[in-house]
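Below: entry-v1.cif (mmCIF, C-alpha atoms)
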data_work
loop_
_atom_site.group_PDB
_atom_site.id
_atom_site.type_symbol
_atom_site.label_atom_id
_atom_site.label_comp_id
_atom_site.auth_asym_id
_atom_site.auth_seq_id
_atom_site.Cartn_x
_atom_site.Cartn_y
_atom_site.Cartn_z
ATOM 1 C CA MET A 20 -10.932 45.179 59.271
ATOM 2 C CA GLY A 21 -13.909 47.491 59.270
ATOM 3 C CA LYS A 22 -16.896 48.523 61.359
ATOM 4 C CA THR A 23 -19.522 46.284 62.904
ATOM 5 C CA ARG A 24 -21.937 45.397 60.115
ATOM 6 C CA PRO A 25 -24.239 42.597 58.915
ATOM 7 C CA GLN A 26 -22.248 39.441 58.214
ATOM 8 C CA TRP A 27 -23.290 39.210 54.556
ATOM 9 C CA ARG A 28 -21.551 42.490 53.797
ATOM 10 C CA GLU A 29 -18.122 41.082 54.661
ATOM 11 C CA PHE A 30 -18.620 38.352 52.059
ATOM 12 C CA PHE A 31 -20.022 40.716 49.435
ATOM 13 C CA TYR A 32 -17.380 43.408 49.961
ATOM 14 C CA GLY A 33 -14.556 40.870 49.805
ATOM 15 C CA GLY A 34 -15.858 39.284 46.617
ATOM 16 C CA LEU A 35 -16.421 42.610 44.869
ATOM 17 C CA ALA A 36 -12.952 43.927 45.713
ATOM 18 C CA SER A 37 -11.370 40.594 44.697
ATOM 19 C CA CYS A 38 -13.060 40.603 41.270
ATOM 20 C CA LEU A 39 -12.056 44.203 40.527
ATOM 21 C CA ALA A 40 -8.432 43.609 41.518
ATOM 22 C CA GLU A 41 -8.237 40.345 39.535
ATOM 23 C CA ALA A 42 -9.592 41.885 36.324
ATOM 24 C CA THR A 43 -7.124 44.766 36.532
ATOM 25 C CA THR A 44 -4.027 42.601 37.063
ATOM 26 C CA MET A 45 -4.963 39.663 34.801
ATOM 27 C CA PRO A 46 -2.062 40.210 32.319
ATOM 28 C CA LEU A 47 0.451 39.834 35.141
ATOM 29 C CA ASP A 48 -1.178 36.573 36.215
ATOM 30 C CA VAL A 49 -0.931 35.159 32.673
ATOM 31 C CA ILE A 50 2.798 35.999 32.541
ATOM 32 C CA LYS A 51 3.315 34.457 35.984
ATOM 33 C CA VAL A 52 1.735 31.137 34.952
ATOM 34 C CA ARG A 53 3.804 31.020 31.745
ATOM 35 C CA MET A 54 6.991 31.561 33.759
ATOM 36 C CA GLN A 55 6.112 28.931 36.362
ATOM 37 C CA ILE A 56 5.250 26.035 34.030
ATOM 38 C CA GLN A 57 8.159 26.568 31.648
ATOM 39 C CA GLY A 58 10.758 23.854 31.577
ATOM 40 C CA THR A 59 8.159 21.097 31.979
ATOM 41 C CA GLY A 60 7.652 18.740 29.073
ATOM 42 C CA GLY A 61 10.078 20.659 26.845
ATOM 43 C CA LEU A 62 7.951 23.811 26.772
ATOM 44 C CA THR A 63 9.444 27.117 25.636
ATOM 45 C CA VAL A 64 11.770 28.612 28.248
ATOM 46 C CA PHE A 65 11.668 32.349 28.896
ATOM 47 C CA ALA A 66 14.668 33.920 30.573
ATOM 48 C CA THR A 67 12.699 36.839 32.006
ATOM 49 C CA SER A 68 9.151 38.023 32.563
ATOM 50 C CA TYR A 69 9.748 40.668 29.910
ATOM 51 C CA GLN A 70 10.658 37.958 27.385
ATOM 52 C CA ALA A 71 7.476 36.043 28.207
ATOM 53 C CA ALA A 72 5.414 39.215 27.782
ATOM 54 C CA ALA A 73 7.119 40.040 24.477
ATOM 55 C CA HIS A 74 6.450 36.514 23.209
ATOM 56 C CA LEU A 75 2.771 36.828 24.132
ATOM 57 C CA TRP A 76 2.477 40.188 22.390
ATOM 58 C CA THR A 77 4.312 39.096 19.237
ATOM 59 C CA ASN A 78 2.915 35.609 18.741
ATOM 60 C CA GLU A 79 -0.519 35.630 20.354
ATOM 61 C CA GLY A 80 -1.669 39.228 20.385
ATOM 62 C CA LEU A 81 -3.042 41.614 22.990
ATOM 63 C CA LEU A 82 -6.016 39.472 23.987
ATOM 64 C CA ALA A 83 -3.677 36.678 25.103
ATOM 65 C CA PHE A 84 -2.878 38.729 28.191
ATOM 66 C CA TRP A 85 -6.467 38.205 29.316
ATOM 67 C CA THR A 86 -6.579 34.447 28.679
ATOM 68 C CA GLY A 87 -8.610 32.806 31.416
ATOM 69 C CA THR A 88 -10.311 36.013 32.556
ATOM 70 C CA SER A 89 -13.775 34.420 32.806
ATOM 71 C CA PRO A 90 -12.755 31.611 35.197
ATOM 72 C CA ALA A 91 -10.499 34.036 37.076
ATOM 73 C CA ILE A 92 -13.409 36.377 37.781
ATOM 74 C CA LEU A 93 -15.651 33.416 38.575
ATOM 75 C CA ARG A 94 -13.029 32.146 41.011
ATOM 76 C CA GLN A 95 -12.754 35.487 42.787
ATOM 77 C CA ALA A 96 -16.535 35.798 42.947
ATOM 78 C CA THR A 97 -16.557 32.495 44.858
ATOM 79 C CA TYR A 98 -13.116 32.060 46.447
ATOM 80 C CA GLY A 99 -12.565 35.752 47.155
ATOM 81 C CA THR A 100 -16.013 36.086 48.667
ATOM 82 C CA LEU A 101 -15.594 33.084 50.950
ATOM 83 C CA ARG A 102 -11.993 33.865 51.930
ATOM 84 C CA VAL A 103 -12.629 37.376 53.209
ATOM 85 C CA GLY A 104 -16.024 36.685 54.759
ATOM 86 C CA LEU A 105 -14.777 33.600 56.581
ATOM 87 C CA TYR A 106 -11.605 35.381 57.717
ATOM 88 C CA VAL A 107 -13.637 38.039 59.526
ATOM 89 C CA ARG A 108 -15.851 35.381 61.115
ATOM 90 C CA ALA A 109 -12.844 33.207 62.073
ATOM 91 C CA LYS A 110 -11.091 36.143 63.725
ATOM 92 C CA SER A 111 -14.148 36.708 65.874
ATOM 93 C CA ALA A 112 -14.314 33.002 66.748
ATOM 94 C CA PHE A 113 -10.676 33.089 67.849
ATOM 95 C CA GLY A 114 -11.316 35.999 70.173
ATOM 96 C CA VAL A 115 -10.193 39.000 68.121
ATOM 97 C CA GLU A 116 -12.670 41.797 68.737
ATOM 98 C CA GLU A 117 -13.780 43.976 65.833
ATOM 99 C CA ASN A 118 -11.925 47.295 65.589
ATOM 100 C CA SER A 119 -9.359 46.121 68.142
ATOM 101 C CA ILE A 120 -5.829 47.431 67.507
ATOM 102 C CA GLU A 121 -4.259 45.045 70.022
ATOM 103 C CA PRO A 122 -1.665 42.576 68.642
ATOM 104 C CA PHE A 123 -3.037 39.118 67.843
ATOM 105 C CA PRO A 124 -0.676 37.861 65.075
ATOM 106 C CA LEU A 125 -1.052 34.123 65.716
ATOM 107 C CA ARG A 126 -4.839 34.267 65.948
ATOM 108 C CA LYS A 127 -5.057 36.272 62.724
ATOM 109 C CA MET A 128 -2.708 33.869 60.925
ATOM 110 C CA LEU A 129 -4.807 30.929 62.127
ATOM 111 C CA ALA A 130 -7.958 32.689 60.910
ATOM 112 C CA GLY A 131 -6.272 33.132 57.529
ATOM 113 C CA ILE A 132 -5.296 29.468 57.355
ATOM 114 C CA VAL A 133 -8.837 28.318 58.116
ATOM 115 C CA SER A 134 -10.565 30.717 55.725
ATOM 116 C CA GLY A 135 -8.048 30.349 52.888
ATOM 117 C CA SER A 136 -7.880 26.557 52.906
ATOM 118 C CA PHE A 137 -11.650 26.060 53.116
ATOM 119 C CA ALA A 138 -12.388 28.603 50.371
ATOM 120 C CA ALA A 139 -9.711 27.149 48.061
ATOM 121 C CA ALA A 140 -10.864 23.549 48.526
ATOM 122 C CA MET A 141 -14.440 24.528 47.737
ATOM 123 C CA CYS A 142 -13.500 26.591 44.673
ATOM 124 C CA ASN A 143 -10.708 24.431 43.191
ATOM 125 C CA PRO A 144 -12.578 23.778 39.873
ATOM 126 C CA THR A 145 -12.530 27.473 38.896
ATOM 127 C CA ASP A 146 -8.806 27.735 39.687
ATOM 128 C CA LEU A 147 -8.047 24.589 37.674
ATOM 129 C CA ILE A 148 -9.997 25.888 34.673
ATOM 130 C CA LYS A 149 -8.201 29.247 34.836
ATOM 131 C CA VAL A 150 -4.724 27.666 34.878
ATOM 132 C CA ARG A 151 -5.511 25.227 32.073
ATOM 133 C CA MET A 152 -7.009 27.944 29.874
ATOM 134 C CA GLN A 153 -3.898 30.066 30.378
ATOM 135 C CA SER A 154 -1.560 27.120 29.730
ATOM 136 C CA SER A 155 -3.369 25.833 26.639
ATOM 137 C CA ARG A 156 -1.980 28.619 24.444
ATOM 138 C CA LEU A 157 1.639 28.056 25.454
ATOM 139 C CA PRO A 158 3.770 26.893 22.480
ATOM 140 C CA GLY A 159 4.314 23.135 22.659
ATOM 141 C CA SER A 160 1.495 22.602 25.152
ATOM 142 C CA SER A 161 -0.525 19.394 24.746
ATOM 143 C CA ILE A 162 -3.540 20.956 26.482
ATOM 144 C CA PRO A 163 -6.374 21.564 23.975
ATOM 145 C CA HIS A 164 -7.556 25.096 23.328
ATOM 146 C CA TYR A 165 -10.775 25.804 25.208
ATOM 147 C CA GLN A 166 -13.463 28.040 23.743
ATOM 148 C CA ASN A 167 -14.837 29.201 27.095
ATOM 149 C CA VAL A 168 -15.271 28.248 30.752
ATOM 150 C CA PHE A 169 -18.054 25.730 30.061
ATOM 151 C CA HIS A 170 -16.072 24.045 27.291
ATOM 152 C CA ALA A 171 -13.057 23.776 29.597
ATOM 153 C CA ALA A 172 -15.134 22.335 32.444
ATOM 154 C CA SER A 173 -16.880 19.765 30.242
ATOM 155 C CA SER A 174 -13.562 18.733 28.646
ATOM 156 C CA ILE A 175 -11.915 18.233 32.033
ATOM 157 C CA VAL A 176 -14.871 16.163 33.261
ATOM 158 C CA LYS A 177 -14.765 14.097 30.064
ATOM 159 C CA GLU A 178 -11.035 13.438 30.575
ATOM 160 C CA GLY A 179 -11.090 12.499 34.234
ATOM 161 C CA GLY A 180 -14.645 12.534 35.549
ATOM 162 C CA TRP A 181 -15.979 15.004 38.088
ATOM 163 C CA ILE A 182 -13.001 14.256 40.321
ATOM 164 C CA GLY A 183 -10.838 15.745 37.577
ATOM 165 C CA LEU A 184 -12.072 19.202 38.567
ATOM 166 C CA TYR A 185 -10.229 18.720 41.848
ATOM 167 C CA ARG A 186 -6.872 17.901 40.319
ATOM 168 C CA GLY A 187 -4.234 19.849 42.218
ATOM 169 C CA VAL A 188 -6.522 20.499 45.190
ATOM 170 C CA GLY A 189 -3.671 19.622 47.577
ATOM 171 C CA PRO A 190 -1.191 22.312 46.472
ATOM 172 C CA THR A 191 -4.050 24.744 45.842
ATOM 173 C CA THR A 192 -5.383 24.373 49.380
ATOM 174 C CA GLY A 193 -1.903 24.470 50.902
ATOM 175 C CA ARG A 194 -0.997 27.590 48.975
ATOM 176 C CA ALA A 195 -4.286 29.298 49.817
ATOM 177 C CA ALA A 196 -3.812 28.624 53.525
ATOM 178 C CA VAL A 197 -0.317 30.123 53.441
ATOM 179 C CA VAL A 198 -1.366 33.085 51.267
ATOM 180 C CA ALA A 199 -4.391 33.958 53.409
ATOM 181 C CA ALA A 200 -2.321 33.763 56.600
ATOM 182 C CA ALA A 201 0.518 35.824 55.124
ATOM 183 C CA GLU A 202 -1.688 38.266 53.205
ATOM 184 C CA LEU A 203 -4.797 38.865 55.303
ATOM 185 C CA GLY A 204 -3.060 38.248 58.606
ATOM 186 C CA SER A 205 -0.022 40.413 57.840
ATOM 187 C CA TYR A 206 -2.115 43.268 56.408
ATOM 188 C CA ASP A 207 -4.354 43.249 59.449
ATOM 189 C CA GLU A 208 -1.467 43.066 61.925
ATOM 190 C CA ILE A 209 0.849 45.561 60.186
ATOM 191 C CA LYS A 210 -1.986 48.050 59.829
ATOM 192 C CA MET A 211 -2.859 47.804 63.510
ATOM 193 C CA PHE A 212 0.830 48.010 64.476
ATOM 194 C CA LEU A 213 1.133 51.301 62.597
ATOM 195 C CA ARG A 214 -2.111 52.604 64.058
ATOM 196 C CA ARG A 215 -0.842 51.889 67.576
ATOM 197 C CA ARG A 216 2.076 54.147 66.697
ATOM 198 C CA GLY A 217 -0.061 57.019 65.535
ATOM 199 C CA ALA A 218 -0.760 56.291 61.852
ATOM 200 C CA GLN A 219 -4.077 57.683 60.691
ATOM 201 C CA GLU A 220 -6.678 55.616 58.874
ATOM 202 C CA GLY A 221 -6.638 56.469 55.168
ATOM 203 C CA VAL A 222 -5.376 55.613 51.684
ATOM 204 C CA PRO A 223 -1.614 56.117 52.410
ATOM 205 C CA LEU A 224 -1.819 53.669 55.325
ATOM 206 C CA HIS A 225 -3.773 51.161 53.215
ATOM 207 C CA LEU A 226 -1.364 51.313 50.265
ATOM 208 C CA GLY A 227 1.828 51.052 52.335
ATOM 209 C CA THR A 228 0.498 48.199 54.448
ATOM 210 C CA ALA A 229 -0.798 46.338 51.396
ATOM 211 C CA ALA A 230 2.599 46.561 49.638
ATOM 212 C CA LEU A 231 4.276 44.888 52.622
ATOM 213 C CA ALA A 232 1.520 42.286 52.843
ATOM 214 C CA GLY A 233 1.976 41.483 49.151
ATOM 215 C CA LEU A 234 5.690 40.833 49.661
ATOM 216 C CA CYS A 235 4.961 38.560 52.639
ATOM 217 C CA ALA A 236 2.337 36.630 50.678
ATOM 218 C CA THR A 237 4.568 36.172 47.610
ATOM 219 C CA ALA A 238 7.568 34.941 49.587
ATOM 220 C CA ALA A 239 5.461 32.471 51.566
ATOM 221 C CA SER A 240 3.358 31.136 48.698
ATOM 222 C CA SER A 241 5.796 30.909 45.791
ATOM 223 C CA PRO A 242 6.745 27.208 46.275
ATOM 224 C CA PHE A 243 3.067 26.210 46.471
ATOM 225 C CA ASP A 244 2.221 28.397 43.490
ATOM 226 C CA VAL A 245 4.843 26.782 41.260
ATOM 227 C CA VAL A 246 3.784 23.250 42.193
ATOM 228 C CA LYS A 247 0.096 24.106 41.796
ATOM 229 C CA SER A 248 0.635 25.544 38.315
ATOM 230 C CA ARG A 249 2.638 22.518 37.188
ATOM 231 C CA VAL A 250 0.227 19.910 38.551
ATOM 232 C CA MET A 251 -2.823 21.670 37.132
ATOM 233 C CA SER A 252 -1.371 22.472 33.709
ATOM 234 C CA GLN A 253 -0.004 19.002 32.907
ATOM 235 C CA PRO A 254 -1.644 16.812 30.242
ATOM 236 C CA VAL A 255 -3.580 13.726 31.361
ATOM 237 C CA ASN A 256 -3.945 10.179 30.061
ATOM 238 C CA ALA A 257 -7.122 8.375 29.048
ATOM 239 C CA ARG A 258 -7.939 7.691 32.697
ATOM 240 C CA GLY A 259 -7.663 11.368 33.589
ATOM 241 C CA GLU A 260 -4.382 10.849 35.470
ATOM 242 C CA GLY A 261 -1.528 13.319 35.219
ATOM 243 C CA ILE A 262 1.198 12.255 32.786
ATOM 244 C CA ARG A 263 4.101 14.131 34.370
ATOM 245 C CA TYR A 264 3.200 14.118 38.070
ATOM 246 C CA SER A 265 1.017 11.846 40.183
ATOM 247 C CA GLY A 266 0.465 14.600 42.721
ATOM 248 C CA MET A 267 2.003 17.411 44.742
ATOM 249 C CA ILE A 268 4.774 15.364 46.399
ATOM 250 C CA ASP A 269 5.769 13.720 43.102
ATOM 251 C CA CYS A 270 5.947 17.144 41.441
ATOM 252 C CA ILE A 271 8.174 18.500 44.221
ATOM 253 C CA GLN A 272 10.503 15.500 44.046
ATOM 254 C CA LYS A 273 10.879 15.525 40.259
ATOM 255 C CA SER A 274 11.215 19.294 40.020
ATOM 256 C CA PHE A 275 13.863 19.325 42.760
ATOM 257 C CA ARG A 276 15.762 16.474 41.115
ATOM 258 C CA ASN A 277 15.746 18.145 37.697
ATOM 259 C CA GLU A 278 16.080 21.813 38.639
ATOM 260 C CA GLY A 279 17.321 22.023 42.212
ATOM 261 C CA ILE A 280 15.885 24.090 45.048
ATOM 262 C CA ARG A 281 15.588 27.132 42.776
ATOM 263 C CA PHE A 282 12.490 25.654 41.133
ATOM 264 C CA MET A 283 10.494 26.673 44.231
ATOM 265 C CA TRP A 284 10.963 30.334 43.393
ATOM 266 C CA ARG A 285 10.845 30.077 39.612
ATOM 267 C CA GLY A 286 8.958 33.076 38.296
ATOM 268 C CA PHE A 287 9.230 34.847 41.687
ATOM 269 C CA PHE A 288 9.624 38.293 40.119
ATOM 270 C CA ALA A 289 6.673 37.670 37.810
ATOM 271 C CA ASN A 290 4.729 36.330 40.792
ATOM 272 C CA TYR A 291 5.420 39.459 42.845
ATOM 273 C CA LEU A 292 4.631 41.695 39.881
ATOM 274 C CA ASN A 293 1.278 39.921 39.880
ATOM 275 C CA LYS A 294 0.767 39.476 43.615
ATOM 276 C CA GLY A 295 2.058 42.892 44.712
ATOM 277 C CA PRO A 296 -0.278 45.065 42.592
ATOM 278 C CA THR A 297 -3.154 42.630 43.135
ATOM 279 C CA VAL A 298 -2.793 42.793 46.907
ATOM 280 C CA VAL A 299 -2.388 46.579 46.910
ATOM 281 C CA LEU A 300 -5.416 46.995 44.658
ATOM 282 C CA PHE A 301 -7.479 44.495 46.609
ATOM 283 C CA PHE A 302 -6.953 46.101 50.003
ATOM 284 C CA ALA A 303 -7.273 49.645 48.646
ATOM 285 C CA LEU A 304 -10.529 48.669 46.944
ATOM 286 C CA TYR A 305 -11.741 46.633 49.899
ATOM 287 C CA GLU A 306 -11.242 49.537 52.302
ATOM 288 C CA GLN A 307 -13.017 51.939 49.936
ATOM 289 C CA VAL A 308 -15.827 49.473 49.168
ATOM 290 C CA GLN A 309 -16.434 49.047 52.894
ATOM 291 C CA TYR A 310 -16.469 52.776 53.536
ATOM 292 C CA ARG A 311 -18.542 53.839 50.519
ATOM 293 C CA LEU A 312 -21.112 51.055 50.603
ATOM 294 C CA ASP A 313 -21.548 51.283 54.355
ATOM 295 C CA LEU A 314 -22.351 54.965 53.919
ATOM 296 C CA LEU A 315 -24.789 54.122 51.126
ATOM 297 C CA LEU A 316 -26.471 51.174 52.840
ATOM 298 C CA ASP A 317 -26.613 52.745 56.282
ATOM 299 C CA GLY A 318 -27.879 56.065 54.983
#

Any chance you could put this one into C-alpha cells?
Amino acid sequence: MGKTRPQWREFFYGGLASCLAEATTMPLDVIKVRMQIQGTGGLTVFATSYQAAAHLWTNEGLLAFWTGTSPAILRQATYGTLRVGLYVRAKSAFGVEENSIEPFPLRKMLAGIVSGSFAAAMCNPTDLIKVRMQSSRLPGSSIPHYQNVFHAASSIVKEGGWIGLYRGVGPTTGRAAVVAAAELGSYDEIKMFLRRRGAQEGVPLHLGTAALAGLCATAASSPFDVVKSRVMSQPVNARGEGIRYSGMIDCIQKSFRNEGIRFMWRGFFANYLNKGPTVVLFFALYEQVQYRLDLLLDG
C-alpha cells in the first residue's frame, strides 16, 4: 500500500484520510446507530433507514445528522492513525514486502487483526463517547444529553469510574479485528489481484477495489457492530453497570432470544450505506494523500 517512506508517514496519512472520510459520511453513521439500537428498552422502531432519516430531519433538525462528530473525528485521529500505521508495520513483520503484488491473503488478514484489535482497544473511550452522544437524542432514551465530548467523558467517569470508558471494549475490539482484516486485507489483496491481471494504478482501480472491500467489511462486521452499539448505548445503574446487558455474551444471548438470528444483521443496509461510502472515500483519499504528500515532502 504505497512506496517506501518514513514510518511516521503511514500513521499520519492513515489518520488524515480516516478523519476526512468520517466527517463526510457522519450522517450515515448516525442513522446506522439509530437503526441498530432500536428495539432495546422500548425505543422507537424504524422500519427502514429512510424512516429513521425522516424522523431525524422532522423531529431533531439538520444538525442531528452530525451528532457525535467531535468524538468521531477524535476517534479517527487516534484509532484511524494507529490502525493504518500498524497494519503497514505488521505486514512487513509477517513477511509481506512493500510494493509486492504477490498473493499473501492470510498474512494480510492477520496483519489487519493485529492492527485493528490493538488500535480499537487503545481508543475505546472515543468510540464509547461517540455512540452514547448519538444515542442520547433518540426518543425514549434514558441516556442524558451531553453538551460536548468533555461533558460526555466526565459523565461516564462519574457513572462508572475510569473503567466505564472501556465499557463494550470486548465487542469493539472483536469488531475492529474483523473489520480491519476484511477491509484493509481485502482491499490490499483485491487490488494486487487486479494488478497482476493488468489493471493500472489509478482512481478507477482504487474506487472499484474499495467498493468490494466495503461490502466484505460490512458483511463480516455487522454482528459485532450491532452488539457493540447496544452494549455501549445502554443506560447504567449507580455502580456504572449496564442495566440491560452485563456484557457482549449476555447481549448476544438476550438479543437472539428476543429477536432471533436476524438481530445480527439489523440495520445492515444502513450499515453498508455508511460503511460502503466511508471505505470508498477512505481508500480514495488515502491513495491520493500518499501520492500528493509524498510528492510535496520528497520534493

List the residues selected by the PyMOL selection byres ((chain A and resi 45) around 10) in the file shown, writing them as a ChimeraX atom specification. /A:40-44,46-51,84-88,91-92,293,297

Quick one: apply the PyMOL selection byres ((chain A and resi 103) around 12) to the file and drop the selected residues here as an MDAnalysis selection string. chainID A and resid 20:21 26:37 95:102 104:110 130:139 199:200 202:204 207 301:302 305

Nearby residues, (4.7, 40.4, 49.9) file frame, 12 Å, all atoms listed in the file, as a ChimeraX atom specification: /A:197-206,227-241,287-288,290-299

Selection dump of the PyMOL selection byres ((chain A and resi 177-192) around 6), as a PyMOL selection string: chain A and resi 136+139-140+143-144+174-176+193-195+243+247+250-251+258-259

Could you jot down the atom CA of A:Leu226 to atom CA of A:Arg311 separation for me, Å, one decimal place? 17.4 Å

Taking only C-alpha atoms into account, which of A:Ile120, A:Gly217, A:Leu75, A:Leu39 comes nearest A:Val308?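 Under the stated criterion, the closest residue is A:Leu39.
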
As an exercise, work out the distance from atom CA of A:Gln253 to atom CA of A:Leu81 in Å and give it to one decimal place.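 Here the two named atoms are 24.9 Å from each other.
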
Here is a test: counting all atoms listed in the file, which residue of A:Ser89, A:Gln272, A:Gln219, A:Ser173 is nearest to A:Val150?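 Under the stated criterion, the closest residue is A:Ser89.
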
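The space separating atom CA of A:Gly279 from atom CA of A:Tyr69 comes to 23.6 Å.
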
Excluding same-chain residues fewer than 2 positions from A:Pro254, what lies within 8 Å of it counting all atoms listed in the file, as a ChimeraX atom specification? /A:161-162,252,256,261-263

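In this comparison, which uses all atoms listed in the file, the residue of A:Pro90, A:Pro163, A:Pro242, A:Gly114 approaching A:Lys149 most closely is A:Pro90.
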
From the list A:Arg24, A:Arg53, A:Arg214, A:Arg281, the nearest residue to A:Met152 using only C-alpha atoms is A:Arg53

Tell me which of A:Trp284, A:Tyr264, A:Tyr310, A:Tyr165 sits closest to A:Gly221, counting all atoms listed in the file.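 Result for the nearest residue to A:Gly221: A:Tyr310.
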
Residue among A:Gly266, A:Asp146, A:His225, A:Ala257 lying closest to A:Leu300, counting all atoms listed in the file: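 Of the candidates, the smallest distance to A:Leu300 is held by A:His225.
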
If we count all atoms listed in the file and set the cut-off at 12 Å, which residues sit around A:Arg215, ignoring sequence neighbours fewer than 4 positions away in its own chain? Please answer as a list in words.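 Near neighbours after the sequence-gap exclusion: Ser119, Ile120, Glu121, Pro122, Glu208, Ile209, Lys210, Met211, Gln219 and Glu220 of chain A.
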
Output stretch 270-277 of chain A with all heavy atoms present, as a JSON list (two decimals), in the coordinates of the input.
[["chain", "number", "residue", "atom", "x", "y", "z"],
["A", 270, "CYS", "N", 5.51, 15.95, 42.17],
["A", 270, "CYS", "CA", 5.95, 17.14, 41.44],
["A", 270, "CYS", "C", 7.13, 17.79, 42.14],
["A", 270, "CYS", "O", 8.12, 18.19, 41.49],
["A", 270, "CYS", "CB", 4.79, 18.14, 41.33],
["A", 270, "CYS", "SG", 5.22, 19.68, 40.47],
["A", 271, "ILE", "N", 7.08, 17.90, 43.46],
["A", 271, "ILE", "CA", 8.17, 18.50, 44.22],
["A", 271, "ILE", "C", 9.45, 17.68, 44.04],
["A", 271, "ILE", "O", 10.54, 18.23, 43.80],
["A", 271, "ILE", "CB", 7.81, 18.60, 45.71],
["A", 271, "ILE", "CG1", 6.68, 19.61, 45.91],
["A", 271, "ILE", "CG2", 9.03, 18.99, 46.54],
["A", 271, "ILE", "CD1", 6.14, 19.65, 47.33],
["A", 272, "GLN", "N", 9.33, 16.37, 44.15],
["A", 272, "GLN", "CA", 10.50, 15.50, 44.05],
["A", 272, "GLN", "C", 11.15, 15.59, 42.66],
["A", 272, "GLN", "O", 12.37, 15.73, 42.54],
["A", 272, "GLN", "CB", 10.11, 14.06, 44.36],
["A", 272, "GLN", "CG", 9.71, 13.82, 45.81],
["A", 272, "GLN", "CD", 9.21, 12.41, 46.06],
["A", 272, "GLN", "OE1", 8.74, 11.72, 45.15],
["A", 272, "GLN", "NE2", 9.29, 11.98, 47.31],
["A", 273, "LYS", "N", 10.34, 15.49, 41.62],
["A", 273, "LYS", "CA", 10.88, 15.52, 40.26],
["A", 273, "LYS", "C", 11.44, 16.90, 39.91],
["A", 273, "LYS", "O", 12.50, 17.00, 39.27],
["A", 273, "LYS", "CB", 9.80, 15.13, 39.25],
["A", 273, "LYS", "CG", 9.43, 13.65, 39.31],
["A", 273, "LYS", "CD", 8.34, 13.31, 38.31],
["A", 273, "LYS", "CE", 8.00, 11.81, 38.34],
["A", 273, "LYS", "NZ", 6.89, 11.47, 37.43],
["A", 274, "SER", "N", 10.74, 17.94, 40.31],
["A", 274, "SER", "CA", 11.22, 19.29, 40.02],
["A", 274, "SER", "C", 12.52, 19.57, 40.75],
["A", 274, "SER", "O", 13.44, 20.17, 40.19],
["A", 274, "SER", "CB", 10.15, 20.33, 40.43],
["A", 274, "SER", "OG", 8.97, 20.16, 39.68],
["A", 275, "PHE", "N", 12.63, 19.13, 41.99],
["A", 275, "PHE", "CA", 13.86, 19.32, 42.76],
["A", 275, "PHE", "C", 15.02, 18.55, 42.15],
["A", 275, "PHE", "O", 16.15, 19.05, 42.05],
["A", 275, "PHE", "CB", 13.65, 18.89, 44.21],
["A", 275, "PHE", "CG", 14.87, 19.04, 45.07],
["A", 275, "PHE", "CD1", 15.25, 20.29, 45.55],
["A", 275, "PHE", "CD2", 15.65, 17.94, 45.39],
["A", 275, "PHE", "CE1", 16.38, 20.43, 46.34],
["A", 275, "PHE", "CE2", 16.79, 18.07, 46.17],
["A", 275, "PHE", "CZ", 17.16, 19.32, 46.66],
["A", 276, "ARG", "N", 14.73, 17.31, 41.71],
["A", 276, "ARG", "CA", 15.76, 16.47, 41.12],
["A", 276, "ARG", "C", 16.27, 17.06, 39.80],
["A", 276, "ARG", "O", 17.47, 17.01, 39.51],
["A", 276, "ARG", "CB", 15.21, 15.06, 40.89],
["A", 276, "ARG", "CG", 16.26, 14.07, 40.37],
["A", 276, "ARG", "CD", 15.78, 12.64, 40.51],
["A", 276, "ARG", "NE", 14.52, 12.40, 39.82],
["A", 276, "ARG", "CZ", 13.37, 12.11, 40.46],
["A", 276, "ARG", "NH1", 13.33, 12.04, 41.77],
["A", 276, "ARG", "NH2", 12.26, 11.89, 39.76],
["A", 277, "ASN", "N", 15.37, 17.62, 39.01],
["A", 277, "ASN", "CA", 15.75, 18.14, 37.70],
["A", 277, "ASN", "C", 16.25, 19.59, 37.72],
["A", 277, "ASN", "O", 17.06, 19.97, 36.87],
["A", 277, "ASN", "CB", 14.55, 18.05, 36.74],
["A", 277, "ASN", "CG", 14.13, 16.62, 36.47],
["A", 277, "ASN", "OD1", 14.96, 15.71, 36.45],
["A", 277, "ASN", "ND2", 12.84, 16.41, 36.25]]
